[in-house]
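Chemist: Quick one: this structure, given as structure tokens, is what I'll be asking you about.
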Amino acid sequence: MGQLSVLMEASSPKPGNVNRLRRFSDTGYRHFVASACLVGRGLYAGAQVGVRLAKGQMGFERVRIGRVILKCADDVFTGLSRRNTILGTILLQAPLVVALAATVQSDGSFTLKTAKTWIEPILRNTSVEDTIDVYRAFHLARPGGSMNKEGPAWTEKQDRYDIDNPEVYHNIRKDRITLYDLFRASADVDVISREWAEHFRLTLNEVFPHLDSLSHGLEDIEEAIVETFLWLLSRRPDGLIAKKAGTEKAEQVRTMAKRVLDEKGGESRPGELLRQFDKMLRKDGNRLNPGTTADLVSAATFCKLVSIIYP
């Protein structure tokens with residue numbers, strides 16, 4: 001289901017993103033198809049951990065979520081396709097796959113309440129070695145977008161753990177910083193870090209319920225993904241746009257997404273509104289690609305698919 005969620009999210013014609021009909025100059029739909037296939041071993045390993053956790057065969061301190069993330073990244077970014085397509089999705093799906101597997105193992109079905117009880121201790125019990133493994137994944141994938149390191153949100157602490165800092169591995173070990181601590185420290189400057197710090201509050205409490213309310217099964221999930229993408233983009237500035245083009249431009253995109261969503265209901269040709277928005281986002285070398293929003297919708301799609309299979 002994790003692999004399928006990557007395919008479903010990438011296939012859906014969301015404005016400003018790669019899909020089966022549109023590409024970027026250096027990245028096409030085939031790269032996302034390859035990533036969805038290649039990420040399977042890492043996700044399967046994470047699901048096995050979740051099953052053992054629910055059976056009481058291991059404690060939370062042995063989950064080693066960083067190892068799951070590194071396995072996914074090593075398979076996706078070092079072989080057939082070296083494009084950084086789904087790093088954000090991996091950072092979200094790795095803890096989710098453990099938590100959802102544990103949920104299904106313990107309850108026999110997907111329940112949001114149980115998933116929340118598993119996800120928090122999985123995140124809180126990460127280790128220094130998890131942090132090291134995730135930095136190795138970062139260096140394999142080379143995340144897109146350059147953070148503005150001159151702004152007030154960027155602190156000396158963030159600089160100490162910057163992936164471009166040649167002393168970063170030494171600093172991590174010296175400071176004994178766990179992966180959960182790291183993401184908490186980065187929560188003010190990175191949306192995915194904030195999800196970790198807040199125990200996936202946005203994904204589980206807002207995005208998944210919205211997607212769930214719009215779709216019933218595989219037949220209508222593509223439309224629901226596009227609608228949820230627009231809804232989320234209209235509510236929060238996209239993190240990747242903020243990194244690449246600045247917070248002011250990210251806010252402009254959010255405002256435009258809200259206008260598109262508001263007008264879409266009464267528009268006789270809603271497809272035309274989406275096409276115009278899509279064209280605007282693709283200008284200037286795709287700098288306005290809402291990549292973080294897509295990662296969050298992909299994580300919610302994963303939850304939706306699991307809920308369909310294990311009702």
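Letters for chains follow the order of the structure tokens (A, B, ...), residue numbers begin at 1 for each chain, and ligand numbers begin at 1 in the order shown.
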Excluding Pro311 (chain A) and any residue of its chain fewer than 5 positions from it, enumerate the residues within 10 Å of it, using only C-alpha atoms, and give them as a list in words.
Modeler: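 Neighbouring residues, sequence-local ones excluded: Val104, Gly108, Ser109, Phe110, Thr111, Lys304, Leu305 and Val306 of chain A.
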Chemist: Would you mind exporting the chosen residues as a tab-separated table (two decimals), in the first residue's frame, restricted to C-alpha atoms?
Modeler:
```tsv
chain	number	residue	atom	x	y	z
A	104	VAL	CA	-3.32	-3.84	11.84
A	108	GLY	CA	-6.96	-6.63	12.89
A	109	SER	CA	-7.98	-3.45	11.08
A	110	PHE	CA	-6.98	0.16	10.52
A	111	THR	CA	-8.13	2.49	13.27
A	304	LYS	CA	-6.43	5.76	3.07
A	305	LEU	CA	-5.33	2.68	1.14
A	306	VAL	CA	-4.57	0.78	4.35
```
Chemist: Neighbouring residues of region 62-71 of chain A were defined as those with any atom within 9 Å, considering only C-alpha atoms; residues of the same chain fewer than 3 positions away were excluded. Please report them as a PDB file with N, CA and C atoms, in the first residue's frame.
Modeler:
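Writing the result to part-v1.pdb gives the following:
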```
ATOM      1  N   VAL A  39      11.304   1.404  -3.617  1.00  0.00           N
ATOM      2  CA  VAL A  39      11.168   1.673  -2.182  1.00  0.00           C
ATOM      3  C   VAL A  39      10.567   0.481  -1.435  1.00  0.00           C
ATOM      4  N   ARG A  41      11.403  -2.697  -0.705  1.00  0.00           N
ATOM      5  CA  ARG A  41      12.133  -3.506   0.294  1.00  0.00           C
ATOM      6  C   ARG A  41      12.237  -2.788   1.632  1.00  0.00           C
ATOM      7  N   GLY A  42      12.510  -1.479   1.576  1.00  0.00           N
ATOM      8  CA  GLY A  42      12.622  -0.712   2.810  1.00  0.00           C
ATOM      9  C   GLY A  42      11.303  -0.635   3.559  1.00  0.00           C
ATOM     10  N   LEU A  43      10.216  -0.397   2.826  1.00  0.00           N
ATOM     11  CA  LEU A  43       8.906  -0.331   3.463  1.00  0.00           C
ATOM     12  C   LEU A  43       8.504  -1.685   4.039  1.00  0.00           C
ATOM     13  N   ALA A  45      10.530  -3.957   5.158  1.00  0.00           N
ATOM     14  CA  ALA A  45      11.312  -4.137   6.384  1.00  0.00           C
ATOM     15  C   ALA A  45      10.675  -3.375   7.541  1.00  0.00           C
ATOM     16  N   GLY A  46      10.187  -2.157   7.262  1.00  0.00           N
ATOM     17  CA  GLY A  46       9.517  -1.380   8.293  1.00  0.00           C
ATOM     18  C   GLY A  46       8.230  -2.041   8.759  1.00  0.00           C
ATOM     19  N   VAL A  49       8.962  -4.801  11.159  1.00  0.00           N
ATOM     20  CA  VAL A  49       9.267  -4.253  12.482  1.00  0.00           C
ATOM     21  C   VAL A  49       7.965  -3.946  13.229  1.00  0.00           C
ATOM     22  N   GLY A  50       6.996  -3.351  12.526  1.00  0.00           N
ATOM     23  CA  GLY A  50       5.717  -3.037  13.148  1.00  0.00           C
ATOM     24  C   GLY A  50       4.986  -4.269  13.655  1.00  0.00           C
ATOM     25  N   LEU A  53       6.762  -5.514  16.736  1.00  0.00           N
ATOM     26  CA  LEU A  53       6.488  -4.594  17.830  1.00  0.00           C
ATOM     27  C   LEU A  53       5.125  -4.908  18.455  1.00  0.00           C
ATOM     28  N   MET A  58       9.718  -7.153  20.366  1.00  0.00           N
ATOM     29  CA  MET A  58      10.773  -6.156  20.457  1.00  0.00           C
ATOM     30  C   MET A  58      10.206  -4.911  21.120  1.00  0.00           C
ATOM     31  N   GLY A  59      11.100  -4.096  21.676  1.00  0.00           N
ATOM     32  CA  GLY A  59      10.690  -2.843  22.288  1.00  0.00           C
ATOM     33  C   GLY A  59      10.873  -1.678  21.333  1.00  0.00           C
ATOM     34  N   ASP A  74      18.662   4.142   0.027  1.00  0.00           N
ATOM     35  CA  ASP A  74      19.734   3.440  -0.671  1.00  0.00           C
ATOM     36  C   ASP A  74      19.213   2.732  -1.918  1.00  0.00           C
ATOM     37  N   ASP A  75      18.039   2.137  -1.812  1.00  0.00           N
ATOM     38  CA  ASP A  75      17.458   1.451  -2.966  1.00  0.00           C
ATOM     39  C   ASP A  75      16.951   2.424  -4.022  1.00  0.00           C
ATOM     40  N   VAL A  76      16.371   3.551  -3.574  1.00  0.00           N
ATOM     41  CA  VAL A  76      15.718   4.475  -4.502  1.00  0.00           C
ATOM     42  C   VAL A  76      16.710   5.390  -5.209  1.00  0.00           C
ATOM     43  N   ILE A  90       9.446   9.363   1.880  1.00  0.00           N
ATOM     44  CA  ILE A  90      10.115   8.327   2.673  1.00  0.00           C
ATOM     45  C   ILE A  90      10.184   8.732   4.143  1.00  0.00           C
ATOM     46  N   LEU A  91      10.526   9.991   4.413  1.00  0.00           N
ATOM     47  CA  LEU A  91      10.623  10.460   5.799  1.00  0.00           C
ATOM     48  C   LEU A  91       9.283  10.362   6.524  1.00  0.00           C
ATOM     49  N   GLN A  93       6.657   8.177   5.334  1.00  0.00           N
ATOM     50  CA  GLN A  93       6.126   6.816   5.259  1.00  0.00           C
ATOM     51  C   GLN A  93       6.860   5.838   6.159  1.00  0.00           C
ATOM     52  N   ALA A  94       8.136   6.053   6.413  1.00  0.00           N
ATOM     53  CA  ALA A  94       8.898   5.083   7.211  1.00  0.00           C
ATOM     54  C   ALA A  94       8.295   4.886   8.603  1.00  0.00           C
ATOM     55  N   PRO A  95       8.070   5.947   9.385  1.00  0.00           N
ATOM     56  CA  PRO A  95       7.409   5.713  10.676  1.00  0.00           C
ATOM     57  C   PRO A  95       5.961   5.273  10.525  1.00  0.00           C
ATOM     58  N   VAL A  98       5.618   1.436   9.980  1.00  0.00           N
ATOM     59  CA  VAL A  98       5.777   0.691  11.234  1.00  0.00           C
ATOM     60  C   VAL A  98       4.503   0.813  12.069  1.00  0.00           C
ATOM     61  N   ILE A 122       7.070   5.437  18.712  1.00  0.00           N
ATOM     62  CA  ILE A 122       8.013   5.106  17.640  1.00  0.00           C
ATOM     63  C   ILE A 122       8.935   6.298  17.376  1.00  0.00           C
ATOM     64  N   LEU A 123       8.376   7.491  17.348  1.00  0.00           N
ATOM     65  CA  LEU A 123       9.167   8.702  17.097  1.00  0.00           C
ATOM     66  C   LEU A 123      10.029   9.070  18.298  1.00  0.00           C
ATOM     67  N   ASN A 125      11.310   7.286  20.628  1.00  0.00           N
ATOM     68  CA  ASN A 125      12.359   6.339  21.008  1.00  0.00           C
ATOM     69  C   ASN A 125      13.437   6.170  19.940  1.00  0.00           C
ATOM     70  N   THR A 126      13.612   7.175  19.101  1.00  0.00           N
ATOM     71  CA  THR A 126      14.705   7.128  18.138  1.00  0.00           C
ATOM     72  C   THR A 126      16.033   7.378  18.849  1.00  0.00           C
ATOM     73  N   SER A 127      17.138   7.074  18.146  1.00  0.00           N
ATOM     74  CA  SER A 127      18.472   7.129  18.746  1.00  0.00           C
ATOM     75  C   SER A 127      19.414   8.027  17.955  1.00  0.00           C
ATOM     76  N   GLU A 129      22.024   6.855  16.479  1.00  0.00           N
ATOM     77  CA  GLU A 129      22.319   6.100  15.251  1.00  0.00           C
ATOM     78  C   GLU A 129      21.232   6.302  14.199  1.00  0.00           C
ATOM     79  N   ASP A 130      19.997   6.502  14.631  1.00  0.00           N
ATOM     80  CA  ASP A 130      18.929   6.830  13.677  1.00  0.00           C
ATOM     81  C   ASP A 130      19.232   8.146  12.971  1.00  0.00           C
ATOM     82  N   THR A 131      19.721   9.117  13.727  1.00  0.00           N
ATOM     83  CA  THR A 131      20.078  10.409  13.140  1.00  0.00           C
ATOM     84  C   THR A 131      21.193  10.240  12.111  1.00  0.00           C
ATOM     85  N   ILE A 132      22.214   9.475  12.456  1.00  0.00           N
ATOM     86  CA  ILE A 132      23.322   9.235  11.531  1.00  0.00           C
ATOM     87  C   ILE A 132      22.815   8.576  10.250  1.00  0.00           C
ATOM     88  N   ASP A 133      21.946   7.577  10.386  1.00  0.00           N
ATOM     89  CA  ASP A 133      21.412   6.881   9.212  1.00  0.00           C
ATOM     90  C   ASP A 133      20.603   7.822   8.321  1.00  0.00           C
ATOM     91  N   VAL A 134      19.826   8.701   8.924  1.00  0.00           N
ATOM     92  CA  VAL A 134      19.021   9.633   8.135  1.00  0.00           C
ATOM     93  C   VAL A 134      19.909  10.644   7.411  1.00  0.00           C
ATOM     94  N   TYR A 135      21.002  11.068   8.046  1.00  0.00           N
ATOM     95  CA  TYR A 135      21.924  11.962   7.348  1.00  0.00           C
ATOM     96  C   TYR A 135      22.604  11.252   6.178  1.00  0.00           C
ATOM     97  N   ARG A 136      22.864   9.984   6.336  1.00  0.00           N
ATOM     98  CA  ARG A 136      23.389   9.226   5.198  1.00  0.00           C
ATOM     99  C   ARG A 136      22.366   9.189   4.071  1.00  0.00           C
ATOM    100  N   ALA A 137      21.098   9.052   4.426  1.00  0.00           N
ATOM    101  CA  ALA A 137      20.032   9.098   3.415  1.00  0.00           C
ATOM    102  C   ALA A 137      19.973  10.471   2.751  1.00  0.00           C
ATOM    103  N   PHE A 138      20.113  11.535   3.549  1.00  0.00           N
ATOM    104  CA  PHE A 138      20.131  12.884   2.995  1.00  0.00           C
ATOM    105  C   PHE A 138      21.246  13.041   1.966  1.00  0.00           C
ATOM    106  N   LEU A 140      22.662  10.780   0.203  1.00  0.00           N
ATOM    107  CA  LEU A 140      22.376  10.008  -1.000  1.00  0.00           C
ATOM    108  C   LEU A 140      21.403  10.750  -1.914  1.00  0.00           C
ATOM    109  N   LEU A 179      17.088  11.341  16.548  1.00  0.00           N
ATOM    110  CA  LEU A 179      16.369  11.786  15.359  1.00  0.00           C
ATOM    111  C   LEU A 179      15.147  12.622  15.743  1.00  0.00           C
TER     112      LEU A 179
END
```
Chemist: Going by DSSP on the backbone, which bits of region 74-183 of chain A are helix (DSSP H, G or I)? Write them as a ChimeraX atom specification, please.
Modeler: /A:74-77,87-107,112-124,128-141,156-160,168-175,179-183
Chemist: What does the distance between CA of Ala54 (chain A) and CA of Gln3 (chain A) come to in Å, to one decimal place?
Modeler: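 If I compute the distance from CA of Ala54 (chain A) to CA of Gln3 (chain A), I get 22.2 Å.
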Chemist: So the first atom is CA of Gln158 (chain A) and the second is CA of Ala299 (chain A); what is the distance between them in Å, to one decimal place?
Modeler: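 A separation of 25.8 Å between them.
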Chemist: Using only C-alpha atoms for the distances, tell me which of A:Arg259, A:Lys249, A:Gln105, A:Ser298 is nearest to Ala36 (chain A).
Modeler: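 Smallest distance to Ala36 (chain A) is found for A:Ser298.
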Chemist: Restricting the calculation to only C-alpha atoms, which member of A:Asn19, A:Leu204, A:Ile177, A:Trp231 is positioned closest to Thr114 (chain A)?
Modeler: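 So, comparing all the options, the nearest one is A:Leu204.
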Chemist: Go ahead and compute the interatomic distance for CA of Pro209 (chain A) and CA of Lys113 (chain A), in Å to one decimal.
Modeler: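 Between CA of Pro209 (chain A) and CA of Lys113 (chain A) the gap works out to 12.2 Å.
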Chemist: So that I can see what lies close to Glu272 (chain A), please list as a PyMOL selection string the residues with an atom at most 12 Å from it, counting only C-alpha atoms and leaving out residues fewer than 6 positions away in the same chain.
Modeler: chain A and resi 15+260+263-264+278-279
Chemist: For Pro290 (chain A), find every residue with an atom within 9 Å (counting only C-alpha atoms), except residues of its own chain fewer than 6 positions away, and show them as a ChimeraX atom specification.
Modeler: /A:15-17,233,237-241,250,253,281
Chemist: Write a file of the selected residues as a compact mmCIF listing (two decimals), in the first residue's frame, keeping C-alpha atoms.
Modeler:
```
# COMPACT_ATOMS: atom_id res chain seq x y z
CA PRO A 15 -1.03 21.39 -10.49
CA GLY A 16 2.69 22.14 -10.53
CA ASN A 17 3.87 18.57 -10.03
CA LEU A 233 -2.09 24.03 -0.48
CA PRO A 237 2.28 27.70 2.31
CA ASP A 238 4.25 24.87 0.72
CA GLY A 239 7.58 24.12 2.40
CA LEU A 240 9.54 23.38 -0.78
CA ILE A 241 8.32 26.56 -2.48
CA ALA A 250 4.86 30.51 -1.03
CA VAL A 253 0.76 30.42 -4.15
CA LEU A 281 3.35 27.00 -11.07
```
Chemist: What lies within 10 Å of Leu4 (chain A) using only C-alpha atoms, ignoring chain neighbours under 4 positions off, as a list in words?
Modeler: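 Near Leu4 (chain A), the qualifying residues are Met8, Glu9, Ala10, Val33, Ala36, Cys37, Gly40, Ser298, Thr301, Phe302 and Leu305 of chain A.
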Chemist: Could you take the residues named above and write them with N, CA and C atoms, as a PDB file, in the first residue's frame?
Modeler:
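Result saved to part-v9.pdb:
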```
ATOM      1  N   MET A   8      -0.153   6.386  -6.884  1.00  0.00           N
ATOM      2  CA  MET A   8      -1.417   7.103  -7.001  1.00  0.00           C
ATOM      3  C   MET A   8      -1.213   8.608  -6.879  1.00  0.00           C
ATOM      4  N   GLU A   9      -0.385   9.016  -5.935  1.00  0.00           N
ATOM      5  CA  GLU A   9      -0.143  10.448  -5.748  1.00  0.00           C
ATOM      6  C   GLU A   9       0.592  11.033  -6.952  1.00  0.00           C
ATOM      7  N   ALA A  10       1.604  10.314  -7.446  1.00  0.00           N
ATOM      8  CA  ALA A  10       2.370  10.816  -8.591  1.00  0.00           C
ATOM      9  C   ALA A  10       1.544  10.801  -9.870  1.00  0.00           C
ATOM     10  N   VAL A  33       7.713   6.261 -10.983  1.00  0.00           N
ATOM     11  CA  VAL A  33       7.347   4.840 -11.098  1.00  0.00           C
ATOM     12  C   VAL A  33       8.495   3.979 -10.581  1.00  0.00           C
ATOM     13  N   ALA A  36       8.742   4.245  -6.768  1.00  0.00           N
ATOM     14  CA  ALA A  36       7.685   3.492  -6.090  1.00  0.00           C
ATOM     15  C   ALA A  36       8.010   2.005  -6.041  1.00  0.00           C
ATOM     16  N   CYS A  37       8.596   1.493  -7.105  1.00  0.00           N
ATOM     17  CA  CYS A  37       8.971   0.073  -7.131  1.00  0.00           C
ATOM     18  C   CYS A  37      10.172  -0.197  -6.223  1.00  0.00           C
ATOM     19  N   GLY A  40      10.128  -0.527  -2.168  1.00  0.00           N
ATOM     20  CA  GLY A  40       9.384  -1.635  -1.575  1.00  0.00           C
ATOM     21  C   GLY A  40      10.120  -2.396  -0.484  1.00  0.00           C
ATOM     22  N   SER A 298       0.651  12.246  -0.114  1.00  0.00           N
ATOM     23  CA  SER A 298       1.066  10.858  -0.332  1.00  0.00           C
ATOM     24  C   SER A 298       0.963  10.058   0.966  1.00  0.00           C
ATOM     25  N   THR A 301      -2.599   9.400   1.613  1.00  0.00           N
ATOM     26  CA  THR A 301      -3.076   8.380   0.670  1.00  0.00           C
ATOM     27  C   THR A 301      -2.695   6.987   1.156  1.00  0.00           C
ATOM     28  N   PHE A 302      -1.493   6.862   1.721  1.00  0.00           N
ATOM     29  CA  PHE A 302      -1.059   5.593   2.309  1.00  0.00           C
ATOM     30  C   PHE A 302      -2.053   5.154   3.384  1.00  0.00           C
ATOM     31  N   LEU A 305      -5.380   4.001   1.773  1.00  0.00           N
ATOM     32  CA  LEU A 305      -5.328   2.684   1.144  1.00  0.00           C
ATOM     33  C   LEU A 305      -5.316   1.576   2.184  1.00  0.00           C
TER      34      LEU A 305
END
```
